[in-house]
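Novice: If it helps, the file is called work_3.tsv and holds TSV, C-alpha atoms:
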chain	number	residue	atom	x	y	z
A	193	MET	CA	-8.76	15.32	-6.63
A	194	THR	CA	-11.70	17.68	-6.36
A	195	ALA	CA	-13.83	18.20	-3.27
A	196	ILE	CA	-16.55	16.13	-4.94
A	197	ASN	CA	-14.15	13.26	-5.59
A	198	LYS	CA	-12.88	13.41	-2.00
A	199	LEU	CA	-16.44	13.16	-0.73
A	200	ARG	CA	-17.07	10.27	-3.13
A	201	ILE	CA	-14.05	8.39	-1.78
A	202	ILE	CA	-15.05	8.86	1.85
A	203	THR	CA	-18.70	7.99	1.21
A	204	GLN	CA	-18.06	4.86	-0.85
A	205	LEU	CA	-15.35	3.38	1.36
A	206	SER	CA	-17.22	4.17	4.58
A	207	ALA	CA	-20.44	2.67	3.23
A	208	ASN	CA	-18.69	-0.53	2.18
A	209	LEU	CA	-16.88	-0.83	5.51
A	210	LEU	CA	-20.15	-0.60	7.43
A	211	LYS	CA	-21.95	-2.88	4.96
A	212	GLY	CA	-19.23	-5.49	5.38
A	213	ARG	CA	-19.50	-5.40	9.16
A	214	ILE	CA	-23.27	-5.83	9.00
A	215	SER	CA	-23.62	-8.41	6.23
A	216	GLY	CA	-20.33	-10.29	6.53
A	217	TYR	CA	-17.23	-10.59	4.41
A	218	LYS	CA	-17.34	-8.89	1.04
A	219	PRO	CA	-14.07	-7.29	-0.13
A	220	PHE	CA	-14.40	-3.89	-1.73
A	221	PHE	CA	-10.76	-2.87	-2.19
A	222	LEU	CA	-8.85	-4.45	-5.07
A	223	SER	CA	-5.10	-4.68	-4.41
A	224	HIS	CA	-3.71	-5.23	-7.89
A	225	LEU	CA	-0.03	-5.88	-8.50
A	226	ILE	CA	-0.15	-4.96	-12.18
A	227	THR	CA	3.43	-6.00	-12.91
A	228	SER	CA	6.24	-7.82	-11.17
A	229	LYS	CA	8.78	-5.95	-13.32
A	230	CYS	CA	10.75	-3.07	-11.83
A	231	ASN	CA	13.61	-0.80	-12.83
A	232	PHE	CA	14.97	-0.72	-9.27
A	233	LYS	CA	17.16	-3.29	-7.54
A	234	CYS	CA	15.98	-3.14	-3.92
A	235	GLU	CA	17.63	-6.05	-2.14
A	236	GLN	CA	14.81	-6.34	0.41
A	237	CYS	CA	12.07	-6.56	-2.23
A	238	LEU	CA	10.04	-9.77	-2.10
A	239	TRP	CA	9.44	-9.56	-5.87
A	240	ASN	CA	12.93	-8.89	-7.20
A	241	GLU	CA	13.34	-12.46	-8.40
A	242	SER	CA	9.85	-12.87	-9.78
A	243	SER	CA	9.61	-14.11	-13.36
A	244	THR	CA	5.83	-14.30	-13.71
A	245	GLY	CA	4.18	-12.76	-16.75
A	246	ASP	CA	1.72	-9.89	-16.48
A	247	LEU	CA	-1.95	-9.83	-17.38
A	248	THR	CA	-2.70	-8.33	-20.79
A	249	ILE	CA	-4.73	-5.15	-21.05
A	250	GLY	CA	-7.69	-7.24	-22.20
A	251	GLU	CA	-7.42	-9.48	-19.13
A	252	ILE	CA	-7.12	-6.43	-16.88
A	253	ARG	CA	-10.23	-4.90	-18.44
A	254	SER	CA	-12.10	-8.13	-17.76
A	255	LEU	CA	-10.88	-8.16	-14.15
A	256	TYR	CA	-12.06	-4.58	-13.58
A	257	ASP	CA	-15.42	-5.32	-15.21
A	258	GLN	CA	-15.90	-8.22	-12.82
A	259	ALA	CA	-14.57	-6.32	-9.80
A	260	ARG	CA	-17.09	-3.55	-10.28
A	261	ALA	CA	-19.91	-6.07	-10.81
A	262	CYS	CA	-18.86	-7.74	-7.53
A	263	GLY	CA	-19.10	-4.49	-5.59
A	264	PHE	CA	-15.49	-3.29	-5.49
A	265	VAL	CA	-15.13	0.48	-5.20
A	266	ALA	CA	-11.36	1.08	-5.07
A	267	ASN	CA	-8.24	-0.10	-6.87
A	268	TYR	CA	-4.75	-0.01	-5.35
A	269	LEU	CA	-2.22	-0.40	-8.18
A	270	TRP	CA	1.32	-1.45	-7.29
A	271	GLY	CA	4.19	-3.66	-8.41
A	272	GLY	CA	7.01	-4.06	-9.22
A	273	GLU	CA	6.81	-0.56	-10.60
A	274	PRO	CA	3.35	0.08	-12.06
A	275	LEU	CA	4.44	3.02	-14.21
A	276	ILE	CA	6.85	0.75	-16.09
A	277	ARG	CA	3.87	-0.58	-18.05
A	278	LYS	CA	3.49	1.18	-21.39
A	279	ASP	CA	-0.30	0.83	-21.14
A	280	ILE	CA	-0.58	2.36	-17.65
A	281	GLU	CA	-2.74	5.22	-18.95
A	282	GLU	CA	-5.22	2.78	-20.45
A	283	ILE	CA	-5.25	0.74	-17.22
A	284	VAL	CA	-6.03	3.65	-14.89
A	285	ARG	CA	-8.45	5.20	-17.37
A	286	TYR	CA	-10.45	1.98	-17.66
A	287	SER	CA	-10.39	1.51	-13.90
A	288	ARG	CA	-11.85	4.99	-13.51
A	289	GLU	CA	-14.44	4.36	-16.26
A	290	LYS	CA	-15.65	1.40	-14.18
A	291	GLY	CA	-16.12	3.78	-11.25
A	292	LEU	CA	-13.14	2.61	-9.19
A	293	ILE	CA	-11.14	4.98	-6.98
A	294	ASN	CA	-7.48	4.77	-8.06
A	295	PHE	CA	-4.44	4.65	-5.82
A	296	ILE	CA	-0.94	4.19	-7.30
A	297	ASN	CA	2.16	3.20	-5.33
A	298	THR	CA	5.26	4.17	-7.30
A	299	ASN	CA	9.01	4.72	-6.98
A	300	ALA	CA	8.47	7.94	-9.03
A	301	TRP	CA	11.20	7.23	-11.59
A	302	PHE	CA	8.76	7.53	-14.52
A	303	LEU	CA	6.33	9.91	-12.82
A	304	LYS	CA	7.52	13.09	-14.54
A	305	GLU	CA	6.88	11.54	-17.94
A	306	LYS	CA	3.68	9.67	-17.09
A	307	ILE	CA	1.82	12.10	-14.85
A	308	PRO	CA	0.26	14.22	-17.66
A	309	SER	CA	-1.46	11.14	-19.09
A	310	ILE	CA	-2.55	9.45	-15.85
A	311	ALA	CA	-3.42	12.48	-13.70
A	312	PRO	CA	-7.09	12.69	-14.80
A	313	TYR	CA	-7.69	9.15	-13.51
A	314	VAL	CA	-5.67	9.02	-10.27
A	315	ASP	CA	-6.90	10.04	-6.81
A	316	VAL	CA	-3.90	9.26	-4.58
A	317	ILE	CA	-0.21	8.78	-5.43
A	318	ILE	CA	1.99	7.04	-2.86
A	319	ILE	CA	5.73	7.55	-3.38
A	320	SER	CA	8.42	5.36	-1.84
A	321	LEU	CA	11.09	7.45	-0.07
A	322	ASN	CA	13.69	5.62	1.99
A	323	GLY	CA	16.23	8.32	2.72
A	324	ALA	CA	16.51	12.07	3.26
A	325	THR	CA	19.51	12.30	0.91
A	326	ALA	CA	20.41	10.84	-2.45
A	327	GLU	CA	23.23	8.88	-0.83
A	328	ILE	CA	20.91	6.93	1.46
A	329	HIS	CA	17.78	6.67	-0.70
A	330	ASP	CA	19.62	5.67	-3.87
A	331	LYS	CA	21.48	2.98	-1.92
A	332	THR	CA	18.21	1.35	-0.82
A	333	CYS	CA	16.95	1.03	-4.40
A	334	GLY	CA	20.26	0.42	-6.14
A	335	VAL	CA	19.71	3.14	-8.78
A	336	ASN	CA	21.52	6.47	-8.82
A	337	GLY	CA	19.38	9.52	-9.49
A	338	SER	CA	16.19	8.13	-7.97
A	339	PHE	CA	16.13	10.61	-5.08
A	340	ASP	CA	16.44	13.60	-7.41
A	341	ARG	CA	13.61	12.26	-9.59
A	342	ILE	CA	11.35	12.08	-6.52
A	343	LEU	CA	11.99	15.72	-5.67
A	344	GLU	CA	11.33	16.74	-9.26
A	345	ALA	CA	8.12	14.71	-9.44
A	346	ILE	CA	6.83	16.15	-6.15
A	347	ASN	CA	7.42	19.68	-7.42
A	348	ILE	CA	5.48	18.94	-10.61
A	349	LEU	CA	2.60	17.32	-8.72
A	350	LYS	CA	2.27	20.13	-6.19
A	351	THR	CA	2.44	22.93	-8.78
A	352	GLN	CA	0.58	21.42	-11.72
A	353	TYR	CA	-1.71	18.79	-10.16
A	354	PRO	CA	-2.58	20.11	-6.67
A	355	LYS	CA	-5.85	18.15	-6.50
A	356	ILE	CA	-4.04	14.79	-6.42
A	357	SER	CA	-3.25	13.64	-2.88
A	358	ILE	CA	0.43	12.76	-2.41
A	359	ILE	CA	1.73	10.54	0.36
A	360	PHE	CA	5.24	9.31	1.17
A	361	ASN	CA	5.85	5.70	2.20
A	362	THR	CA	9.09	5.00	4.06
A	363	LEU	CA	10.38	1.51	4.79
A	364	ILE	CA	12.58	1.26	7.87
A	365	LEU	CA	15.70	-0.79	7.19
A	366	LYS	CA	18.95	-1.61	8.93
A	367	HIS	CA	20.83	0.95	6.85
A	368	ASN	CA	18.35	3.85	6.93
A	369	HIS	CA	16.80	3.77	10.43
A	370	HIS	CA	19.32	6.35	11.68
A	371	ASP	CA	17.94	8.78	9.06
A	372	ILE	CA	14.29	8.63	10.09
A	373	ASP	CA	14.18	12.09	11.74
A	374	ASN	CA	15.76	13.66	8.66
A	375	ILE	CA	13.25	11.83	6.44
A	376	ILE	CA	10.32	13.22	8.43
A	377	ASP	CA	11.93	16.67	8.34
A	378	LEU	CA	11.96	16.33	4.55
A	379	TRP	CA	8.25	15.37	4.56
A	380	GLU	CA	7.58	18.59	6.50
A	381	LYS	CA	9.76	20.70	4.21
A	382	MET	CA	7.98	19.41	1.11
A	383	GLY	CA	4.52	19.66	2.64
A	384	VAL	CA	3.76	15.98	1.99
A	385	PRO	CA	2.51	13.64	4.75
A	386	GLY	CA	3.79	10.11	4.98
A	387	TYR	CA	3.74	6.84	6.84
A	388	VAL	CA	6.44	4.40	7.82
A	389	ASN	CA	6.55	0.63	7.72
A	390	PHE	CA	8.79	-1.70	9.63
A	391	ILE	CA	10.10	-4.20	7.10
A	392	GLU	CA	7.70	-7.00	6.24
A	393	MET	CA	8.66	-10.52	7.25
A	394	ASP	CA	6.14	-12.04	4.87
A	395	LEU	CA	4.57	-15.48	4.79
A	396	LEU	CA	6.78	-16.76	2.02
A	397	LYS	CA	5.86	-20.42	2.29
A	398	SER	CA	2.70	-22.20	3.33
A	399	SER	CA	4.83	-24.39	5.56
A	400	GLY	CA	5.68	-21.50	7.86
A	401	LEU	CA	6.95	-17.97	8.26
A	402	GLY	CA	9.56	-16.69	5.85
A	403	SER	CA	12.78	-14.95	6.87
A	404	GLN	CA	14.04	-13.58	3.54
A	405	ASN	CA	14.21	-10.04	4.90
A	406	ALA	CA	15.93	-10.79	8.20
A	407	ALA	CA	19.28	-9.48	6.94
A	408	PHE	CA	17.76	-6.05	6.21
A	409	ASP	CA	15.68	-5.65	9.34
A	410	ALA	CA	16.58	-3.29	12.18
A	411	SER	CA	17.04	-4.98	15.55
A	412	GLU	CA	14.12	-5.35	17.94
A	413	ALA	CA	15.72	-2.82	20.28
A	414	THR	CA	16.03	-0.37	17.40
A	415	ARG	CA	12.39	-0.86	16.43
A	416	ARG	CA	11.30	-0.12	19.99
A	417	GLU	CA	13.40	3.03	20.15
A	418	LEU	CA	12.18	4.18	16.73
A	419	ALA	CA	8.55	3.56	17.67
A	420	ARG	CA	8.95	5.73	20.78
A	421	ARG	CA	10.66	8.46	18.77
A	422	LEU	CA	7.96	8.42	16.08
A	423	ILE	CA	5.24	8.68	18.71
A	424	SER	CA	7.01	11.77	20.03
A	425	ARG	CA	7.33	13.29	16.56
A	426	LYS	CA	3.65	12.63	15.87
A	427	LYS	CA	2.64	14.29	19.15
A	428	ASN	CA	4.70	17.30	18.06
A	429	LYS	CA	2.60	17.63	14.88
A	430	ALA	CA	4.94	15.92	12.43
A	431	PRO	CA	2.98	14.87	9.28
A	432	ILE	CA	2.90	11.18	10.22
A	433	LEU	CA	-0.12	9.18	9.05
A	434	ASN	CA	0.52	6.05	11.12
A	435	THR	CA	-1.67	5.64	14.17
A	436	TYR	CA	-0.31	5.68	17.71
A	437	ASN	CA	-1.75	2.18	17.95
A	438	TYR	CA	0.60	0.99	15.20
A	439	PHE	CA	3.70	2.36	16.90
A	440	ASN	CA	2.61	1.14	20.34
A	441	LYS	CA	2.61	-2.42	19.02
A	442	PHE	CA	6.39	-2.19	18.63
A	443	VAL	CA	7.32	-0.22	21.75
A	444	ALA	CA	7.26	-3.22	24.09
A	445	GLY	CA	7.82	-5.86	21.44
A	446	LYS	CA	5.21	-6.48	18.78
A	447	LYS	CA	1.84	-7.39	20.24
A	448	PRO	CA	-0.67	-9.77	18.63
A	449	TYR	CA	-3.66	-8.37	16.81
A	450	ARG	CA	-6.65	-9.81	14.95
A	451	CYS	CA	-6.13	-9.47	11.20
A	452	HIS	CA	-9.21	-8.37	9.25
A	453	PHE	CA	-7.35	-7.35	6.09
A	454	PRO	CA	-8.88	-10.11	3.87
A	455	LYS	CA	-12.37	-8.89	4.73
A	456	MET	CA	-11.67	-5.64	2.89
A	457	PHE	CA	-8.88	-6.34	0.40
A	458	LEU	CA	-8.51	-8.92	-2.34
A	459	GLU	CA	-4.97	-9.26	-3.68
A	460	VAL	CA	-4.48	-10.10	-7.35
A	461	TYR	CA	-0.93	-10.62	-8.56
A	462	ALA	CA	0.71	-9.82	-11.88
A	463	ASP	CA	-0.04	-13.21	-13.46
A	464	GLY	CA	-3.69	-13.09	-12.36
A	465	SER	CA	-3.34	-15.35	-9.33
A	466	VAL	CA	-5.42	-14.45	-6.28
A	467	LEU	CA	-3.34	-14.52	-3.13
A	468	ASP	CA	-4.04	-16.71	-0.15
A	469	CYS	CA	-2.20	-14.48	2.29
A	470	VAL	CA	-1.27	-17.28	4.70
A	471	ASN	CA	-0.39	-19.78	1.96
A	472	VAL	CA	1.23	-17.49	-0.60
A	473	ASP	CA	2.71	-20.28	-2.70
A	474	LYS	CA	-0.78	-21.79	-3.12
A	475	PRO	CA	-3.01	-19.25	-4.92
A	476	ILE	CA	-6.76	-19.50	-4.44
A	477	GLY	CA	-7.37	-19.21	-8.17
A	478	ASN	CA	-6.49	-17.21	-11.25
A	479	VAL	CA	-8.64	-14.56	-12.92
A	480	LYS	CA	-7.32	-15.58	-16.35
A	481	ASP	CA	-9.31	-18.79	-16.33
A	482	GLN	CA	-11.82	-18.39	-13.49
A	483	SER	CA	-14.48	-15.80	-12.83
A	484	LEU	CA	-13.83	-13.41	-9.99
A	485	ARG	CA	-17.21	-14.25	-8.49
A	486	SER	CA	-16.35	-17.96	-8.32
A	487	ILE	CA	-13.01	-17.17	-6.68
A	488	LEU	CA	-14.77	-15.03	-4.07
A	489	HIS	CA	-16.86	-18.09	-3.15
A	490	HIS	CA	-13.81	-20.35	-2.75
A	491	PRO	CA	-13.60	-21.86	0.78
A	492	ARG	CA	-10.08	-20.48	1.26
A	493	ILE	CA	-11.52	-16.97	1.24
A	494	GLN	CA	-13.32	-17.80	4.47
A	495	GLY	CA	-10.21	-19.69	5.54
A	496	MET	CA	-8.13	-16.52	5.32
A	497	ILE	CA	-10.65	-14.71	7.48
A	498	ASP	CA	-10.64	-17.46	10.09
A	499	ASP	CA	-6.84	-17.68	10.11
A	500	GLY	CA	-6.51	-13.92	10.48
A	501	GLU	CA	-8.91	-13.77	13.40
A	502	LYS	CA	-7.36	-16.76	15.16
A	503	TRP	CA	-3.61	-16.57	14.67
A	504	CYS	CA	-2.23	-14.56	11.74
A	505	CYS	CA	-0.78	-11.36	13.19
A	506	VAL	CA	2.76	-11.65	11.83
A	507	HIS	CA	2.72	-8.79	9.35
A	508	ASN	CA	4.58	-5.61	10.26
A	509	ASN	CA	3.19	-3.21	7.68
A	510	ALA	CA	0.84	-0.44	8.68
A	511	ASP	CA	-1.58	-1.23	5.83
A	512	ARG	CA	-2.63	-4.51	7.42
A	513	ILE	CA	-2.47	-3.46	11.06
A	514	ASP	CA	-4.28	-0.13	10.72
A	515	ALA	CA	-6.79	-1.60	8.23
A	516	SER	CA	-7.58	-4.31	10.80
A	517	ASN	CA	-8.12	-1.67	13.48
A	518	THR	CA	-10.33	0.30	11.10
A	519	TRP	CA	-12.50	-2.80	10.62
A	520	GLU	CA	-12.88	-2.95	14.40
A	521	LEU	CA	-13.99	0.71	14.27
A	522	HIS	CA	-11.13	2.11	16.35
A	523	ARG	CA	-11.73	5.84	16.17
A	524	GLU	CA	-8.07	6.75	15.72
A	525	SER	CA	-7.70	4.33	12.81
A	526	ILE	CA	-10.86	5.63	11.12
A	527	THR	CA	-9.85	9.29	11.38
A	528	THR	CA	-6.29	8.47	10.31
A	529	GLY	CA	-7.65	6.52	7.35
A	530	LEU	CA	-9.66	9.55	6.24
A	531	ARG	CA	-6.56	11.72	6.54
A	532	PHE	CA	-4.66	9.18	4.48
A	533	LEU	CA	-7.28	9.34	1.72
A	534	LEU	CA	-7.16	13.12	1.68
A	535	GLY	CA	-3.38	13.38	2.04
A	536	ARG	CA	-3.68	15.36	5.26
A	537	THR	CA	-2.54	15.01	8.85
A	538	LYS	CA	-5.04	17.38	10.44
What do you get writing this file as C-alpha cells?
Specialist:
Amino acid sequence: MTAINKLRIITQLSANLLKGRISGYKPFFLSHLITSKCNFKCEQCLWNESSTGDLTIGEIRSLYDQARACGFVANYLWGGEPLIRKDIEEIVRYSREKGLINFINTNAWFLKEKIPSIAPYVDVIIISLNGATAEIHDKTCGVNGSFDRILEAINILKTQYPKISIIFNTLILKHNHHDIDNIIDLWEKMGVPGYVNFIEMDLLKSSGLGSQNAAFDASEATRRELARRLISRKKNKAPILNTYNYFNKFVAGKKPYRCHFPKMFLEVYADGSVLDCVNVDKPIGNVKDQSLRSILHHPRIQGMIDDGEKWCCVHNNADRIDASNTWELHRESITTGLRFLLGRTK
C-alpha cells in the first residue's frame, strides 16, 4: 500500500464517518462474507455447519456495482476462508476497479499461492493467529501445518510486498488464553501488530441470545485478568491495536455500550442475504433478487440502529465495540482506527 493509497484510505473513511454523523445513517463499509466454505475445522466457528451456496462472480460484480453507486468506499472480505474461492483474484480486482478499499481476513493457508495474484488489489491483510506455537494454534483450527504456513506467508509479505499492511487477529479461547503473552511476543518478534477478541457470543436466534460458544469461552474471571494484563502490555509498548476502552469493558465485568456498528457497516453473507444483526435468522433481504438501494431503505435497517442504541451491546468483538466508539468520536478509537488501517501501533 503506497503512501498515496494510505492517504486515500484515511481521507475516504474519515469523510464518510463525518458525513454519516451529519446527515444520518448511510453505511459506507461493506462487510462481505464471500464464502461460507473453509478448509479449517475450528470448533468455535459460527459458520462451520453452514451449507448455504455462494454468490456467483456475476452476482458479486453486480453487488459491487451497486455498493459503489450507493456510496460505499471499503470492502471487508471474509468467510469461511475467502482465499478458498478460485475466483478470488477476479473478486478483489473488480472491487478495486469500482474504487473500493480492500481488506481480507484469512487463515493464511492459501496465502503463499494466492498473494502474487491478489497483492495489486489488496490494502490490508488480517491473519488469524490463535497460538504462539504450532501445537496450540493448529489445535484451535483442527489442521496440522497451519501455524507454519502463517510464518511462511508473513515472511513473503514482509519481504516481497512491504506496502501491504499486515495485522494479526487473535481469538481468546479456553484452551489458548494461557498463551496470550507468548502470542504478543510473537507479534513483536515478527514486527506485525495485532488485536485480540474475546470470543463472540453471537445473536444466533431472533428469539434471544445464543450460547453456541459457551463451551469454548474463558471464564469471566479469566477475561478480567487477561484484560488487565493486556492493558499492561499495551502501556509497555506492545503492538496491540485494541483500545484501552475495549479492555476496560472487561476488567470489572463487561459494561454496556451503545452499538453504532450498523450505521457504518452493512453485512452481506455468502448466499447474498443481508444480515439483520439482532435477528440473524431473519435476513432483511437478498441482493440476488433485490436491489441494494431498496434493501438500504428497508425499515429493519433503521430498526437495527434503534436496537443498537437502546439495548444491543452483547457483542464481545473489538470490531463492533471500537467501531461504535469511533462513531462517537472517541479520540483513542479514532487514532487506533488509523493505526489499524496503516498496520502501525505508533
Novice: Separation of atom CA of A:Val316 and atom CA of A:Ile296, in Å?
Specialist: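 So the two atoms, atom CA of A:Val316 and atom CA of A:Ile296, lie 6.5 Å apart.
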Novice: Find the spatial neighbours of A:Glu289, counting all atoms listed in the file, within a cut-off of 12 Å - ignore same-chain residues fewer than 2 positions away - and output them as a VMD selection string.
Specialist: chain A and resid 253 256 to 257 260 265 282 to 287 291 to 294 312 to 314
Novice: Go through A:Gly263, A:Gly500, A:Pro308, A:Gly445 and flag the residue nearest A:Glu281, using all atoms listed in the file for the distances.
Specialist: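 Comparing A:Gly263, A:Gly500, A:Pro308, A:Gly445 against A:Glu281, the winner is A:Pro308.
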Novice: Can you tell me, as a PDB file with C-alpha atoms, keeping the file's coordinate frame, what residues are no more than 10 Å from A:Met496 when counting only C-alpha atoms, ignoring any on the same chain fewer than 2 positions away?
Specialist:
ATOM      1  CA  CYS A 451      -6.130  -9.470  11.200  1.00  0.00           C
ATOM      2  CA  HIS A 452      -9.210  -8.370   9.250  1.00  0.00           C
ATOM      3  CA  PHE A 453      -7.350  -7.350   6.090  1.00  0.00           C
ATOM      4  CA  PRO A 454      -8.880 -10.110   3.870  1.00  0.00           C
ATOM      5  CA  LYS A 455     -12.370  -8.890   4.730  1.00  0.00           C
ATOM      6  CA  LEU A 467      -3.340 -14.520  -3.130  1.00  0.00           C
ATOM      7  CA  ASP A 468      -4.040 -16.710  -0.150  1.00  0.00           C
ATOM      8  CA  CYS A 469      -2.200 -14.480   2.290  1.00  0.00           C
ATOM      9  CA  VAL A 470      -1.270 -17.280   4.700  1.00  0.00           C
ATOM     10  CA  ASN A 471      -0.390 -19.780   1.960  1.00  0.00           C
ATOM     11  CA  PRO A 491     -13.600 -21.860   0.780  1.00  0.00           C
ATOM     12  CA  ARG A 492     -10.080 -20.480   1.260  1.00  0.00           C
ATOM     13  CA  ILE A 493     -11.520 -16.970   1.240  1.00  0.00           C
ATOM     14  CA  GLN A 494     -13.320 -17.800   4.470  1.00  0.00           C
ATOM     15  CA  ASP A 498     -10.640 -17.460  10.090  1.00  0.00           C
ATOM     16  CA  ASP A 499      -6.840 -17.680  10.110  1.00  0.00           C
ATOM     17  CA  GLY A 500      -6.510 -13.920  10.480  1.00  0.00           C
ATOM     18  CA  GLU A 501      -8.910 -13.770  13.400  1.00  0.00           C
ATOM     19  CA  LYS A 502      -7.360 -16.760  15.160  1.00  0.00           C
ATOM     20  CA  CYS A 504      -2.230 -14.560  11.740  1.00  0.00           C
TER      21      CYS A 504
END
Novice: Could you state the separation of atom CA of A:Trp519 and atom CA of A:Phe220 in Å, given to one decimal place?
Specialist: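 So the two atoms, atom CA of A:Trp519 and atom CA of A:Phe220, lie 12.5 Å apart.
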Novice: Pick out the closest residue to A:Thr248 from this set: A:Ile358, A:Val384, A:Ile375, A:Ile226. Count all atoms listed in the file.
Specialist: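 Answer, going by the shortest atom-to-atom distance: A:Ile226.
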Novice: Suppose you want the space between atom CA of A:Leu275 and atom CA of A:Ile317; what is it in Å?
Specialist: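 Atom CA of A:Leu275 sits 11.5 Å away from atom CA of A:Ile317.
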Novice: Just checking: using all atoms listed in the file, which residue out of A:Pro448, A:Leu343, A:Ser424, A:Val479 ends up closest to A:Leu378?
Specialist: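 Going through A:Pro448, A:Leu343, A:Ser424, A:Val479 one by one, the smallest distance to A:Leu378 is for A:Leu343.
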Novice: Taking into account all atoms listed in the file, which residue in the set A:Ile280, A:Leu255, A:Ala266, A:Cys333 is nearest to A:Asp315?
Specialist: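 Counting all atoms listed in the file, the residue closest to A:Asp315 is A:Ala266.
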Novice: Under the rule that all atoms listed in the file are counted, which of A:Pro385, A:Ser486, A:Asp463, A:Thr518 is the nearest residue to A:Arg450?
Specialist: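 Using all atoms listed in the file, the shortest distance to A:Arg450 belongs to A:Thr518.
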Novice: Could you check the closest approach to A:Lys446 for each of A:Ile423, A:Ile513, A:Ala311, A:Leu269 and tell me which residue wins, using all atoms listed in the file?
Specialist: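 Among the listed residues, the smallest separation from A:Lys446 belongs to A:Ile513.
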Novice: In the coordinates of the file, take the point (12.7, 4.9, 20.1) and a cut-off of 12 Å; then, counting only C-alpha atoms, name each qualifying protein, DNA or RNA residue as an MDAnalysis selection string.
Specialist: chainID A and resid 369:370 372:373 411:425 439:440 442:445
Novice: Quick one: residues within 12 Å of A:Asp246, all atoms listed in the file counted, chain neighbours fewer than 4 positions away excluded, as a ChimeraX atom specification?
Specialist: /A:224-229,242,250-252,271-272,274,276-277,279,460-465,479-480
Novice: Please list as an NGL selection string every residue within 12 Å of A:Ile359, counting only C-alpha atoms and excluding residues in the same chain fewer than 4 positions away.
Specialist: :A and (295-300 or 315-321 or 342 or 346 or 349-350 or 379-380 or 382-388 or 431-434 or 531-537)
Novice: Generate the output file for the selected residues, C-alpha atoms, as a PDB file, in the coordinates of the input.
Specialist:
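As written to disk, selection_31.pdb reads:
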ATOM      1  CA  PHE A 295      -4.440   4.650  -5.820  1.00  0.00           C
ATOM      2  CA  ILE A 296      -0.940   4.190  -7.300  1.00  0.00           C
ATOM      3  CA  ASN A 297       2.160   3.200  -5.330  1.00  0.00           C
ATOM      4  CA  THR A 298       5.260   4.170  -7.300  1.00  0.00           C
ATOM      5  CA  ASN A 299       9.010   4.720  -6.980  1.00  0.00           C
ATOM      6  CA  ALA A 300       8.470   7.940  -9.030  1.00  0.00           C
ATOM      7  CA  ASP A 315      -6.900  10.040  -6.810  1.00  0.00           C
ATOM      8  CA  VAL A 316      -3.900   9.260  -4.580  1.00  0.00           C
ATOM      9  CA  ILE A 317      -0.210   8.780  -5.430  1.00  0.00           C
ATOM     10  CA  ILE A 318       1.990   7.040  -2.860  1.00  0.00           C
ATOM     11  CA  ILE A 319       5.730   7.550  -3.380  1.00  0.00           C
ATOM     12  CA  SER A 320       8.420   5.360  -1.840  1.00  0.00           C
ATOM     13  CA  LEU A 321      11.090   7.450  -0.070  1.00  0.00           C
ATOM     14  CA  ILE A 342      11.350  12.080  -6.520  1.00  0.00           C
ATOM     15  CA  ILE A 346       6.830  16.150  -6.150  1.00  0.00           C
ATOM     16  CA  LEU A 349       2.600  17.320  -8.720  1.00  0.00           C
ATOM     17  CA  LYS A 350       2.270  20.130  -6.190  1.00  0.00           C
ATOM     18  CA  TRP A 379       8.250  15.370   4.560  1.00  0.00           C
ATOM     19  CA  GLU A 380       7.580  18.590   6.500  1.00  0.00           C
ATOM     20  CA  MET A 382       7.980  19.410   1.110  1.00  0.00           C
ATOM     21  CA  GLY A 383       4.520  19.660   2.640  1.00  0.00           C
ATOM     22  CA  VAL A 384       3.760  15.980   1.990  1.00  0.00           C
ATOM     23  CA  PRO A 385       2.510  13.640   4.750  1.00  0.00           C
ATOM     24  CA  GLY A 386       3.790  10.110   4.980  1.00  0.00           C
ATOM     25  CA  TYR A 387       3.740   6.840   6.840  1.00  0.00           C
ATOM     26  CA  VAL A 388       6.440   4.400   7.820  1.00  0.00           C
ATOM     27  CA  PRO A 431       2.980  14.870   9.280  1.00  0.00           C
ATOM     28  CA  ILE A 432       2.900  11.180  10.220  1.00  0.00           C
ATOM     29  CA  LEU A 433      -0.120   9.180   9.050  1.00  0.00           C
ATOM     30  CA  ASN A 434       0.520   6.050  11.120  1.00  0.00           C
ATOM     31  CA  ARG A 531      -6.560  11.720   6.540  1.00  0.00           C
ATOM     32  CA  PHE A 532      -4.660   9.180   4.480  1.00  0.00           C
ATOM     33  CA  LEU A 533      -7.280   9.340   1.720  1.00  0.00           C
ATOM     34  CA  LEU A 534      -7.160  13.120   1.680  1.00  0.00           C
ATOM     35  CA  GLY A 535      -3.380  13.380   2.040  1.00  0.00           C
ATOM     36  CA  ARG A 536      -3.680  15.360   5.260  1.00  0.00           C
ATOM     37  CA  THR A 537      -2.540  15.010   8.850  1.00  0.00           C
TER      38      THR A 537
END
